[in-house]
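First up is the structure itself, then whatever we jot down about it.
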Amino acid sequence: AIYTPVARFCLRHGKLVIVMALAMVVLTIPAFLRLGSEFMPPLNEGSILYMPTAFPGMSVTEAQHVLQLQGKMLHQFPEVQSVFGKAGRADTPTDPAPFSMVETTVVLKPESEWRKVMRVYPEWIPVPMREFLKTTFPMRRITYQELVDEMDSMVRIPGIPNVWTMPIKNRIDMLSTGMRTPVGVKILGNDLKEIQKIGEQVENIIRDVPGTRNVYAERVAGGYFVDFVLNRKQLARYGLSIAEAQQIITSAIGGENISTTIEGRERYPVNVRYAREFRDNIQSLKRVLVATPSGAQVPLAELAEIRMLEGPSMIRNENGLLAGYVYVDIANRDIGSFVRDAKKAVADRLNVPKNYYLVWSGQYENMIRVRERLKMVIPLTLFIIIFLLYVNTRSAMKTAIILLAVPFSLIGAVWLLYFLHYNVSIAVWVGMIALMGLDAETGVFMLLYLDLSYQERVRQGTMKTYQDLKEAVIHGAVRRVRPKMMTVMAAFMGLMPIMWSMGTGADMMKRVAAPMVGGLATSFLLELLVYPVLYAMWKWKFQMRKGNAIISKS
């Protein structure tokens with residue numbers, strides 16, 4: 001009752017239908033170009049990893065104070081269940097973290113216990129409808145991104161830029177690219193001081209790029225050291241060897257583990273060294289006594305020159321060059337457009353010296369790598385689909401008609417991504433590739449019923465006029481719309497629950513399902529409208545005119 005008059009109208013105005021379908025495809029292109037790009041969609045792990053980075057030279061006492069202060073501020077949020085902070089690295093070579101890198105794991109409560117905030121409806125909604133929605137649905141739960149933004153605005157300590165990420169995601173990023181932020185810049189060269197200078201310039205430039213929440217350039221040449229220059233003549237005068245003098249410096253000043261205390265399953269090292277007041281300044285270090293073979297106690301100042309030096313806090317090496325990192329934490333922007341603007345700003349305002357190089361890394365590096373891979377995977381997928389369709393239909397025209405479902409499906413896929421504010425990511429491309437297979441299935445199904453209806457009338461000898469062809473097309477398209485709709489709806493209803501899922505991993509699965517949901521809707525509707533028109537045109541102009549059916553045009 002609904003589809004029959006629509007199908008007859010489309011067959012009467014075939015050229016208009018085709019032009020309108022092409023116009024819809026063209027109008028989708030601007031929406032696709034406005035979609036952002038990212039490597040992987042956000043995956044809410046139920047916790048936050050807060051990773052501020054201090055300047056080199058922070059003392060243990062100050063680090064402890066900063067950790068406690070940050071923990072108190074983070075505990076003020078009602079969504080926070082527990083906070084645990086760590087500075088420095090564990091006793092393992094798998095965690096080469098400098099002492100200035102703080103890691104605070106913030107475990108969140110279930111989202112059902114988060115605060116409620118007022119909903120804000122867009123201005124384009126009519127005023128009566130907006131007032132109705134405000135009255136009916138006034139409150140909503142605070143989102144993860146809003147919570148992080150609030151934490152970032154509250155936890156502000158001078159000289160310690162913030163970085164917000166998630167524990168598992170951070171480990172994967174650091175293992176794959178070395179960056180603990182979504183975007184980073186690697187500066188490669190031969191001189192650490194020049195690398196630090198370039199990094200500070202890049203930091204100042206990127207800070208002005210829209211979307212930058214925090215940016216920090218490593219002070220790779222800004223470490224502080226106490227240097228002991230031993231006087232060999234004085235050591236010989238007192239009968240001391242260099243190894244004996246270094247042993248005193250190592251054990252008494254630096255500290256040395258002499259034992260381990262065992263308390264059940266717990267193990268604690270016992271470290272012995274001078275009390276803090278005997279080693280907290282240069283003058284105190286000069287008064288450290290060194291025992292000689294004769295039994296005399298000699299001040300360290302008699303045996304060595306003690307001085308403060310600046311040097312590299314940590315040395316990185318990549319591709320045979322020294323490296324320094326600039327960490328960039330972004331908010332409310334996709335990675336692709338942010339890096340594009342940041343690259344342009346750096347190129348316009350920074351003159352990189354000769355033999356120094358900038359490498360954009362982080363998730364952006366993975367995104368570019370996967371984009372190059374997709375340039376091979378997507379054409380290969382299309383080729384396989386085309387090959388299988390041609391082997392099945394033995395007709396280039398039928399294959400071309402079936403493949404029209406691909407641009408038709410892109411209309412719904414792109415616009416649904418646009419309205420949901422989803423960026424193009426690996427998950428979205430996976431959904432797009434899966435959508436191609438679904439499009440081929442629905443296209444073959446539609447063309448099958450049109451062919452069956454046409455061949456049935458040819459066998460009956462009733463395929464003589466264009467009106468007979470139209471009736472055959474109407475019969476194949478309309479009379480069998482139920483099994484076609486059942487086929488599409490089975491896939492459609494299987495995908496819809498994913499769009500309403502809220503658990504861990506739902507963010508990624510929604511990006512996979514969204515292109516298929518939107519694409520199935522538009523491809524099926526446009527197949528019902530456009531396929532009959534194209535099929536009738538093809539049969540009438542290229543087959544019936546060649547004598548495959550007896551015609552007498554009225």
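In the structure tokens, chains take letters A, B, ... by order of appearance, with residues numbered from 1 within each chain and ligands from 1 in the order shown.
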
- as a VMD selection string, list the residues of range 141-374 of chain A assigned to alpha helix (DSSP H) by DSSP on the backbone atoms of this structure. chain A and resid 144 to 154 167 to 176 192 to 206 232 to 237 242 to 248 282 to 286 335 to 349 363 to 374

- Message: Need to verify the contact set: Asn319 in chain A, 12 Å, only C-alpha atoms, exclusion of same-chain residues closer than 2 positions in sequence. Can you return it as JSON, numbers by chain?
- Response: {"A": [186, 187, 188, 189, 190, 316, 317, 321, 322, 323, 357, 359]}

- Item | range 328-390 of chain A: residues DSSP assigns to strand (DSSP E or B), reported as a PyMOL selection string | chain A and resi 328-330+357-362

Could you write out that same residue set with all heavy atoms as a PDB file, in the first residue's frame?
```pdb
ATOM      1  N   VAL A 328      51.986  16.743  24.113  1.00  0.00           N
ATOM      2  CA  VAL A 328      50.841  17.623  23.867  1.00  0.00           C
ATOM      3  C   VAL A 328      49.570  16.883  24.254  1.00  0.00           C
ATOM      4  O   VAL A 328      49.264  15.820  23.700  1.00  0.00           O
ATOM      5  CB  VAL A 328      50.768  18.048  22.385  1.00  0.00           C
ATOM      6  CG1 VAL A 328      49.655  19.079  22.191  1.00  0.00           C
ATOM      7  CG2 VAL A 328      52.106  18.619  21.917  1.00  0.00           C
ATOM      8  N   ASP A 329      48.844  17.431  25.215  1.00  0.00           N
ATOM      9  CA  ASP A 329      47.552  16.883  25.633  1.00  0.00           C
ATOM     10  C   ASP A 329      46.462  17.753  25.024  1.00  0.00           C
ATOM     11  O   ASP A 329      46.447  18.977  25.232  1.00  0.00           O
ATOM     12  CB  ASP A 329      47.448  16.879  27.165  1.00  0.00           C
ATOM     13  CG  ASP A 329      46.219  16.133  27.650  1.00  0.00           C
ATOM     14  OD1 ASP A 329      45.674  15.321  26.884  1.00  0.00           O
ATOM     15  OD2 ASP A 329      45.797  16.347  28.802  1.00  0.00           O
ATOM     16  N   ILE A 330      45.556  17.157  24.246  1.00  0.00           N
ATOM     17  CA  ILE A 330      44.536  17.930  23.537  1.00  0.00           C
ATOM     18  C   ILE A 330      43.163  17.622  24.120  1.00  0.00           C
ATOM     19  O   ILE A 330      42.951  16.596  24.768  1.00  0.00           O
ATOM     20  CB  ILE A 330      44.561  17.632  22.025  1.00  0.00           C
ATOM     21  CG1 ILE A 330      44.194  16.170  21.749  1.00  0.00           C
ATOM     22  CG2 ILE A 330      45.934  17.944  21.439  1.00  0.00           C
ATOM     23  CD1 ILE A 330      44.115  15.841  20.272  1.00  0.00           C
ATOM     24  N   TYR A 357      65.606  17.573  13.190  1.00  0.00           N
ATOM     25  CA  TYR A 357      64.386  17.108  12.537  1.00  0.00           C
ATOM     26  C   TYR A 357      63.250  17.032  13.552  1.00  0.00           C
ATOM     27  O   TYR A 357      63.464  16.709  14.723  1.00  0.00           O
ATOM     28  CB  TYR A 357      64.601  15.723  11.914  1.00  0.00           C
ATOM     29  CG  TYR A 357      65.849  15.632  11.067  1.00  0.00           C
ATOM     30  CD1 TYR A 357      67.052  15.163  11.620  1.00  0.00           C
ATOM     31  CD2 TYR A 357      65.841  16.018   9.743  1.00  0.00           C
ATOM     32  CE1 TYR A 357      68.203  15.078  10.856  1.00  0.00           C
ATOM     33  CE2 TYR A 357      66.992  15.942   8.974  1.00  0.00           C
ATOM     34  CZ  TYR A 357      68.162  15.478   9.531  1.00  0.00           C
ATOM     35  OH  TYR A 357      69.300  15.408   8.779  1.00  0.00           O
ATOM     36  N   LEU A 358      62.041  17.317  13.061  1.00  0.00           N
ATOM     37  CA  LEU A 358      60.831  17.188  13.869  1.00  0.00           C
ATOM     38  C   LEU A 358      60.034  15.997  13.356  1.00  0.00           C
ATOM     39  O   LEU A 358      59.767  15.887  12.156  1.00  0.00           O
ATOM     40  CB  LEU A 358      59.973  18.454  13.796  1.00  0.00           C
ATOM     41  CG  LEU A 358      60.612  19.767  14.249  1.00  0.00           C
ATOM     42  CD1 LEU A 358      59.598  20.896  14.186  1.00  0.00           C
ATOM     43  CD2 LEU A 358      61.186  19.645  15.650  1.00  0.00           C
ATOM     44  N   VAL A 359      59.650  15.115  14.257  1.00  0.00           N
ATOM     45  CA  VAL A 359      58.843  13.942  13.911  1.00  0.00           C
ATOM     46  C   VAL A 359      57.573  13.985  14.764  1.00  0.00           C
ATOM     47  O   VAL A 359      57.653  13.962  15.999  1.00  0.00           O
ATOM     48  CB  VAL A 359      59.607  12.627  14.159  1.00  0.00           C
ATOM     49  CG1 VAL A 359      58.719  11.434  13.825  1.00  0.00           C
ATOM     50  CG2 VAL A 359      60.889  12.585  13.336  1.00  0.00           C
ATOM     51  N   TRP A 360      56.404  14.044  14.105  1.00  0.00           N
ATOM     52  CA  TRP A 360      55.124  14.062  14.828  1.00  0.00           C
ATOM     53  C   TRP A 360      54.743  12.635  15.165  1.00  0.00           C
ATOM     54  O   TRP A 360      54.664  11.779  14.284  1.00  0.00           O
ATOM     55  CB  TRP A 360      54.055  14.749  13.991  1.00  0.00           C
ATOM     56  CG  TRP A 360      54.349  16.198  13.775  1.00  0.00           C
ATOM     57  CD1 TRP A 360      55.165  16.731  12.827  1.00  0.00           C
ATOM     58  CD2 TRP A 360      53.866  17.289  14.554  1.00  0.00           C
ATOM     59  NE1 TRP A 360      55.216  18.102  12.965  1.00  0.00           N
ATOM     60  CE2 TRP A 360      54.426  18.471  14.010  1.00  0.00           C
ATOM     61  CE3 TRP A 360      53.013  17.390  15.645  1.00  0.00           C
ATOM     62  CZ2 TRP A 360      54.157  19.726  14.546  1.00  0.00           C
ATOM     63  CZ3 TRP A 360      52.743  18.645  16.175  1.00  0.00           C
ATOM     64  CH2 TRP A 360      53.316  19.788  15.625  1.00  0.00           C
ATOM     65  N   SER A 361      54.501  12.403  16.446  1.00  0.00           N
ATOM     66  CA  SER A 361      54.328  11.028  16.911  1.00  0.00           C
ATOM     67  C   SER A 361      53.077  10.920  17.778  1.00  0.00           C
ATOM     68  O   SER A 361      52.189  11.755  17.725  1.00  0.00           O
ATOM     69  CB  SER A 361      55.582  10.598  17.690  1.00  0.00           C
ATOM     70  OG  SER A 361      55.504   9.245  18.047  1.00  0.00           O
ATOM     71  N   GLY A 362      53.021   9.885  18.585  1.00  0.00           N
ATOM     72  CA  GLY A 362      51.838   9.595  19.388  1.00  0.00           C
ATOM     73  C   GLY A 362      50.829   8.816  18.565  1.00  0.00           C
ATOM     74  O   GLY A 362      51.171   8.070  17.632  1.00  0.00           O
TER      75      GLY A 362
END
```

- Item | Which residue of A:Gln68, A:Gln467, A:Ser294, A:Asn332 approaches Arg8 in chain A most closely, using only C-alpha atoms |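 Closest to Arg8 in chain A of all the choices is A:Gln467.
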
- Query: Near Thr487 in chain A, within 8 Å and counting only C-alpha atoms, which residues show up once chain neighbours fewer than 4 positions away are dropped, as number ranges by chain?
  - Reply: A: 442, 483, 491

- Query: At what distance in Å, to one decimal, does CA of Leu435 in chain A lie from CA of Tyr531 in chain A?
  - Reply: 18.4 Å

- Please provide as an MDAnalysis selection string all residues within 9 Å of Thr4 in chain A, with the sequence filter that same-chain residues fewer than 2 positions apart are discarded (counting only C-alpha atoms). chainID A and resid 1:2 6:9 474 477:479

- Which polymer residues have any atom within 12 Å of an atom of Pro110 in chain A, counting only C-alpha atoms, with same-chain residues fewer than 6 positions away left out, as a PyMOL selection string? chain A and resi 44-47+78-81+141+144+502-504

Restricted to N, CA, C and O atoms, what would the selected residues look like written as a PDB file, in the first residue's frame?
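Listed below is the output, out_30.pdb:
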```pdb
ATOM      1  N   ASN A  44      36.755   4.029  27.528  1.00  0.00           N
ATOM      2  CA  ASN A  44      36.662   4.363  28.939  1.00  0.00           C
ATOM      3  C   ASN A  44      37.013   3.140  29.778  1.00  0.00           C
ATOM      4  O   ASN A  44      36.296   2.136  29.787  1.00  0.00           O
ATOM      5  N   GLU A  45      38.135   3.216  30.496  1.00  0.00           N
ATOM      6  CA  GLU A  45      38.610   2.090  31.302  1.00  0.00           C
ATOM      7  C   GLU A  45      38.073   2.117  32.727  1.00  0.00           C
ATOM      8  O   GLU A  45      38.392   1.237  33.521  1.00  0.00           O
ATOM      9  N   GLY A  46      37.310   3.140  33.079  1.00  0.00           N
ATOM     10  CA  GLY A  46      36.811   3.248  34.444  1.00  0.00           C
ATOM     11  C   GLY A  46      37.788   3.876  35.399  1.00  0.00           C
ATOM     12  O   GLY A  46      37.559   3.908  36.614  1.00  0.00           O
ATOM     13  N   SER A  47      38.905   4.372  34.892  1.00  0.00           N
ATOM     14  CA  SER A  47      39.911   5.025  35.735  1.00  0.00           C
ATOM     15  C   SER A  47      40.660   6.049  34.899  1.00  0.00           C
ATOM     16  O   SER A  47      40.602   6.035  33.670  1.00  0.00           O
ATOM     17  N   PRO A  78      33.334  13.903  43.865  1.00  0.00           N
ATOM     18  CA  PRO A  78      32.508  12.779  44.359  1.00  0.00           C
ATOM     19  C   PRO A  78      32.563  11.553  43.463  1.00  0.00           C
ATOM     20  O   PRO A  78      32.205  10.460  43.903  1.00  0.00           O
ATOM     21  N   GLU A  79      33.018  11.707  42.207  1.00  0.00           N
ATOM     22  CA  GLU A  79      33.118  10.559  41.303  1.00  0.00           C
ATOM     23  C   GLU A  79      34.353   9.697  41.570  1.00  0.00           C
ATOM     24  O   GLU A  79      34.475   8.595  41.021  1.00  0.00           O
ATOM     25  N   VAL A  80      35.270  10.183  42.410  1.00  0.00           N
ATOM     26  CA  VAL A  80      36.537   9.493  42.643  1.00  0.00           C
ATOM     27  C   VAL A  80      36.388   8.504  43.785  1.00  0.00           C
ATOM     28  O   VAL A  80      35.908   8.840  44.868  1.00  0.00           O
ATOM     29  N   GLN A  81      36.840   7.269  43.540  1.00  0.00           N
ATOM     30  CA  GLN A  81      36.799   6.235  44.578  1.00  0.00           C
ATOM     31  C   GLN A  81      38.121   6.161  45.338  1.00  0.00           C
ATOM     32  O   GLN A  81      38.131   6.071  46.567  1.00  0.00           O
ATOM     33  N   ARG A 141      23.765  12.738  33.597  1.00  0.00           N
ATOM     34  CA  ARG A 141      25.017  12.446  34.291  1.00  0.00           C
ATOM     35  C   ARG A 141      26.158  13.237  33.655  1.00  0.00           C
ATOM     36  O   ARG A 141      26.181  13.453  32.439  1.00  0.00           O
ATOM     37  N   TYR A 144      32.493  11.790  31.024  1.00  0.00           N
ATOM     38  CA  TYR A 144      33.900  11.547  31.371  1.00  0.00           C
ATOM     39  C   TYR A 144      34.765  12.749  30.983  1.00  0.00           C
ATOM     40  O   TYR A 144      35.615  13.184  31.771  1.00  0.00           O
ATOM     41  N   MET A 502      26.256   0.650  26.977  1.00  0.00           N
ATOM     42  CA  MET A 502      26.912   1.626  27.847  1.00  0.00           C
ATOM     43  C   MET A 502      28.121   1.057  28.588  1.00  0.00           C
ATOM     44  O   MET A 502      28.775   1.777  29.314  1.00  0.00           O
ATOM     45  N   GLY A 503      28.425  -0.212  28.409  1.00  0.00           N
ATOM     46  CA  GLY A 503      29.498  -0.832  29.169  1.00  0.00           C
ATOM     47  C   GLY A 503      30.876  -0.496  28.624  1.00  0.00           C
ATOM     48  O   GLY A 503      31.041   0.251  27.651  1.00  0.00           O
ATOM     49  N   THR A 504      31.892  -1.088  29.262  1.00  0.00           N
ATOM     50  CA  THR A 504      33.265  -0.895  28.818  1.00  0.00           C
ATOM     51  C   THR A 504      33.445  -1.470  27.414  1.00  0.00           C
ATOM     52  O   THR A 504      33.050  -2.591  27.144  1.00  0.00           O
TER      53      THR A 504
END
```

- Between A:Ala217, A:Leu389, A:Ile242, A:Val414, which is the closest to Asp439 in chain A once you count only C-alpha atoms?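 That would be A:Leu389, the residue with the smallest distance to Asp439 in chain A.
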
- Tell me which protein, DNA and RNA residues are within 10 Å of Trp538 in chain A, counting only C-alpha atoms, leaving out same-chain ones fewer than 5 positions away, and put them as a list in words.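 Non-adjacent residues within range: Met397, Lys398, Ile401, Pro532, Val533, Gln543 and Met544 of chain A.
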
- Item | CA of Ile426 in chain A to CA of Thr177 in chain A, straight-line distance in Å |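 So the two atoms, CA of Thr177 in chain A and CA of Ile426 in chain A, lie 17.4 Å apart.
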
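The shortest atom-to-atom distance to Lys193 in chain A, with only C-alpha atoms taken into account, belongs to A:Val220 out of A:Ala275, A:Val220, A:Leu388, A:Met314.
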
- For Gln64 in chain A, list every protein, DNA or RNA residue within 12 Å, evaluated using only C-alpha atoms, and leave out those in the same chain fewer than 6 positions away; present the list as number ranges by chain. A: 58, 70-71, 85-88, 99-100, 102

- Message: Let me make sure I understand: among A:Val517, A:Gln247, A:Thr61, A:Thr143, which one has the smallest atom-to-atom distance to Arg276 in chain A if we use only C-alpha atoms?
- Response: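 Of all the options, A:Thr61 lies closest to Arg276 in chain A.
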